[in-house]
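Novice: Sharing upload.cif, mmCIF, C-alpha atoms:
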```cif
data_start
loop_
_atom_site.group_PDB
_atom_site.id
_atom_site.type_symbol
_atom_site.label_atom_id
_atom_site.label_comp_id
_atom_site.auth_asym_id
_atom_site.auth_seq_id
_atom_site.Cartn_x
_atom_site.Cartn_y
_atom_site.Cartn_z
ATOM 1 C CA MET Y 1 -27.190 58.290 61.851
ATOM 2 C CA ALA Y 2 -26.222 61.210 64.052
ATOM 3 C CA GLU Y 3 -29.018 63.490 65.144
ATOM 4 C CA PRO Y 4 -28.660 67.279 64.854
ATOM 5 C CA THR Y 5 -27.424 68.853 68.057
ATOM 6 C CA ASP Y 6 -27.866 72.349 69.425
ATOM 7 C CA HIS Y 7 -24.227 72.710 70.484
ATOM 8 C CA ILE Y 8 -22.990 72.873 66.882
ATOM 9 C CA THR Y 9 -23.260 76.537 66.076
ATOM 10 C CA SER Y 10 -21.015 77.140 63.068
ATOM 11 C CA ALA Y 11 -22.390 76.747 59.559
ATOM 12 C CA ARG Y 12 -19.405 74.549 58.714
ATOM 13 C CA GLY Y 13 -20.188 72.287 61.685
ATOM 14 C CA ARG Y 14 -23.830 71.935 60.663
ATOM 15 C CA THR Y 15 -22.826 71.209 57.078
ATOM 16 C CA ALA Y 16 -20.362 68.536 58.192
ATOM 17 C CA LEU Y 17 -23.011 66.944 60.415
ATOM 18 C CA ALA Y 18 -25.576 66.914 57.625
ATOM 19 C CA ALA Y 19 -23.020 65.652 55.090
ATOM 20 C CA ASP Y 20 -22.618 62.535 57.235
ATOM 21 C CA LEU Y 21 -25.955 61.350 55.820
ATOM 22 C CA LEU Y 22 -24.134 60.507 52.599
ATOM 23 C CA ALA Y 23 -21.192 58.759 54.269
ATOM 24 C CA PRO Y 24 -22.670 55.257 53.821
ATOM 25 C CA LEU Y 25 -23.314 55.974 50.136
ATOM 26 C CA LEU Y 26 -19.796 57.130 49.303
ATOM 27 C CA PRO Y 27 -17.178 54.717 48.005
ATOM 28 C CA ASP Y 28 -14.270 53.728 50.250
ATOM 29 C CA PRO Y 29 -11.694 56.522 49.808
ATOM 30 C CA GLU Y 30 -8.859 53.991 49.632
ATOM 31 C CA MET Y 31 -10.421 52.629 46.429
ATOM 32 C CA LEU Y 32 -10.579 56.045 44.717
ATOM 33 C CA THR Y 33 -8.108 57.754 42.435
ATOM 34 C CA GLU Y 34 -6.289 60.895 43.518
ATOM 35 C CA PRO Y 35 -8.498 63.135 41.288
ATOM 36 C CA GLN Y 36 -11.614 61.625 42.922
ATOM 37 C CA ILE Y 37 -10.231 62.275 46.417
ATOM 38 C CA ARG Y 38 -9.346 65.851 45.489
ATOM 39 C CA GLY Y 39 -12.792 66.460 44.021
ATOM 40 C CA ARG Y 40 -11.627 66.941 40.449
ATOM 41 C CA ASP Y 41 -13.435 63.787 39.295
ATOM 42 C CA CYS Y 42 -16.850 62.443 40.280
ATOM 43 C CA VAL Y 43 -16.587 60.226 43.337
ATOM 44 C CA TRP Y 44 -18.883 57.612 41.757
ATOM 45 C CA CYS Y 45 -18.244 57.521 37.995
ATOM 46 C CA ALA Y 46 -14.825 59.265 37.804
ATOM 47 C CA VAL Y 47 -15.855 61.712 35.053
ATOM 48 C CA THR Y 48 -13.792 64.922 35.169
ATOM 49 C CA LEU Y 49 -15.849 67.758 36.639
ATOM 50 C CA GLY Y 50 -15.951 71.344 35.443
ATOM 51 C CA ALA Y 51 -16.210 74.304 37.794
ATOM 52 C CA GLY Y 52 -19.932 74.756 37.122
ATOM 53 C CA SER Y 53 -20.888 71.099 36.951
ATOM 54 C CA ALA Y 54 -19.548 69.777 40.266
ATOM 55 C CA ILE Y 55 -21.852 69.026 43.196
ATOM 56 C CA ASP Y 56 -19.997 69.440 46.506
ATOM 57 C CA LEU Y 57 -20.701 66.545 48.878
ATOM 58 C CA GLY Y 58 -18.949 68.038 51.905
ATOM 59 C CA GLU Y 59 -15.372 67.891 53.132
ATOM 60 C CA ARG Y 60 -14.531 64.711 55.041
ATOM 61 C CA SER Y 61 -11.669 63.051 56.824
ATOM 62 C CA ALA Y 62 -10.632 59.455 56.466
ATOM 63 C CA SER Y 63 -7.742 57.193 57.257
ATOM 64 C CA PHE Y 64 -5.503 56.669 54.242
ATOM 65 C CA HIS Y 65 -2.914 53.981 54.845
ATOM 66 C CA GLY Y 66 -2.885 54.728 58.584
ATOM 67 C CA THR Y 67 -2.838 58.527 58.253
ATOM 68 C CA VAL Y 68 -5.901 60.706 58.802
ATOM 69 C CA ALA Y 69 -6.354 63.132 55.919
ATOM 70 C CA ARG Y 70 -9.076 65.337 54.449
ATOM 71 C CA TRP Y 71 -10.806 64.497 51.197
ATOM 72 C CA PHE Y 72 -13.303 66.416 49.103
ATOM 73 C CA PRO Y 73 -15.890 64.224 47.374
ATOM 74 C CA ARG Y 74 -17.773 65.865 44.540
ATOM 75 C CA SER Y 75 -20.232 64.470 42.084
ATOM 76 C CA CYS Y 76 -21.524 64.974 38.580
ATOM 77 C CA ARG Y 77 -25.234 65.819 38.298
ATOM 78 C CA PRO Y 78 -26.440 62.385 37.096
ATOM 79 C CA CYS Y 79 -24.627 60.567 39.915
ATOM 80 C CA ALA Y 80 -25.888 63.051 42.525
ATOM 81 C CA LEU Y 81 -29.451 62.469 41.359
ATOM 82 C CA GLN Y 82 -28.938 58.711 41.450
ATOM 83 C CA HIS Y 83 -27.305 58.558 44.908
ATOM 84 C CA VAL Y 84 -28.490 61.611 46.863
ATOM 85 C CA TYR Y 85 -32.179 61.558 45.909
ATOM 86 C CA PRO Y 86 -32.857 58.181 47.608
ATOM 87 C CA ALA Y 87 -31.054 59.443 50.738
ATOM 88 C CA GLN Y 88 -33.223 62.577 50.718
ATOM 89 C CA LEU Y 89 -36.420 60.556 50.307
ATOM 90 C CA ASP Y 90 -35.457 58.149 53.074
ATOM 91 C CA HIS Y 91 -34.569 60.988 55.426
ATOM 92 C CA THR Y 92 -37.617 63.157 54.844
ATOM 93 C CA GLN Y 93 -40.013 60.217 55.213
ATOM 94 C CA ASN Y 94 -38.476 59.173 58.537
ATOM 95 C CA CYS Y 95 -37.647 62.527 60.148
ATOM 96 C CA GLU Y 96 -40.143 64.142 62.544
ATOM 97 C CA GLN Y 97 -38.563 67.562 62.067
ATOM 98 C CA CYS Y 98 -38.936 67.349 58.281
ATOM 99 C CA THR Y 99 -42.566 66.315 58.703
ATOM 100 C CA ASP Y 100 -43.327 69.197 61.102
ATOM 101 C CA ASP Y 101 -41.191 71.978 59.595
ATOM 102 C CA PRO Y 102 -38.613 71.069 56.931
ATOM 103 C CA THR Y 103 -36.736 74.356 57.404
ATOM 104 C CA VAL Y 104 -35.733 73.351 60.949
ATOM 105 C CA CYS Y 105 -33.972 70.106 60.057
ATOM 106 C CA THR Y 106 -30.295 70.594 59.212
ATOM 107 C CA HIS Y 107 -30.038 67.213 57.511
ATOM 108 C CA GLY Y 108 -33.104 67.742 55.335
ATOM 109 C CA THR Y 109 -32.044 71.276 54.418
ATOM 110 C CA TRP Y 110 -28.574 70.107 53.348
ATOM 111 C CA LEU Y 111 -29.994 67.277 51.247
ATOM 112 C CA ARG Y 112 -32.469 69.651 49.571
ATOM 113 C CA LEU Y 113 -29.622 72.060 48.735
ATOM 114 C CA VAL Y 114 -27.559 69.269 47.176
ATOM 115 C CA MET Y 115 -30.564 68.154 45.138
ATOM 116 C CA ARG Y 116 -31.224 71.731 43.984
ATOM 117 C CA GLN Y 117 -27.657 71.922 42.671
ATOM 118 C CA ALA Y 118 -28.041 68.568 40.933
ATOM 119 C CA ARG Y 119 -31.276 69.644 39.178
ATOM 120 C CA ARG Y 120 -29.882 72.879 37.716
#
```
Written as structure tokens, that's how I'd like the structure from this file.

Specialist:
Amino acid sequence: MAEPTDHITSARGRTALAADLLAPLLPDPEMLTEPQIRGRDCVWCAVTLGAGSAIDLGERSASFHGTVARWFPRSCRPCALQHVYPAQLDHTQNCEQCTDDPTVCTHGTWLRLVMRQARR
């Protein structure tokens, strides 16, 4: 797992770095349907997502048939709770920054924000 670095200054850069925590949990993009890659369907269960029900899991890039392309995984609330919550627990229990001051840790903050969306 990549550690937060001080040289990443943009909010988008910090979000991308924190979103990498979920990379091992996400399905292989080559096994997903086009709507799942585009973020229209849940990346885990393939249910079609509405504008207010989708949980953004961060823009990513991956190699699709030898070509690097962007993909936009999103999740339904039940799947986000099932997959993101264990990642948040694991991170916060093993992160010194989260133990000392949770507001300082980019990873922990991003995971908490995703969980807040999922619990709405």

Novice: Select, from Y:Arg120, Y:His91, Y:His107, Y:Arg60, the residue with the minimum atom-to-atom distance to Leu26 (chain Y), counting all atoms listed in the file.

Specialist: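 The shortest atom-to-atom distance to Leu26 (chain Y) comes from Y:Arg60.
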
Novice: Given the choices Y:Leu111, Y:Ser75, Y:Pro29, Y:Arg38, which gets closest to Asp90 (chain Y) if the distance is worked out from only C-alpha atoms?

Specialist: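 Closest residue, counting only C-alpha atoms: Y:Leu111.
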
Novice: Determine the residue membership of the PyMOL selection byres ((chain Y and resi 112) around 10) for the file above and supply it as a ChimeraX atom specification.

Specialist: /Y:84-85,88-89,92,102,106-111,113-118

Novice: Figure out the distance between CA of Val43 (chain Y) and CA of Pro78 (chain Y), please, to one decimal in Å.

Specialist: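 Between these atoms lies a distance of 11.9 Å.
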
Novice: What's the separation between CA of Asn94 (chain Y) and CA of Arg119 (chain Y), in Å to one decimal place?

Specialist: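 Separating CA of Asn94 (chain Y) from CA of Arg119 (chain Y) is a distance of 23.2 Å.
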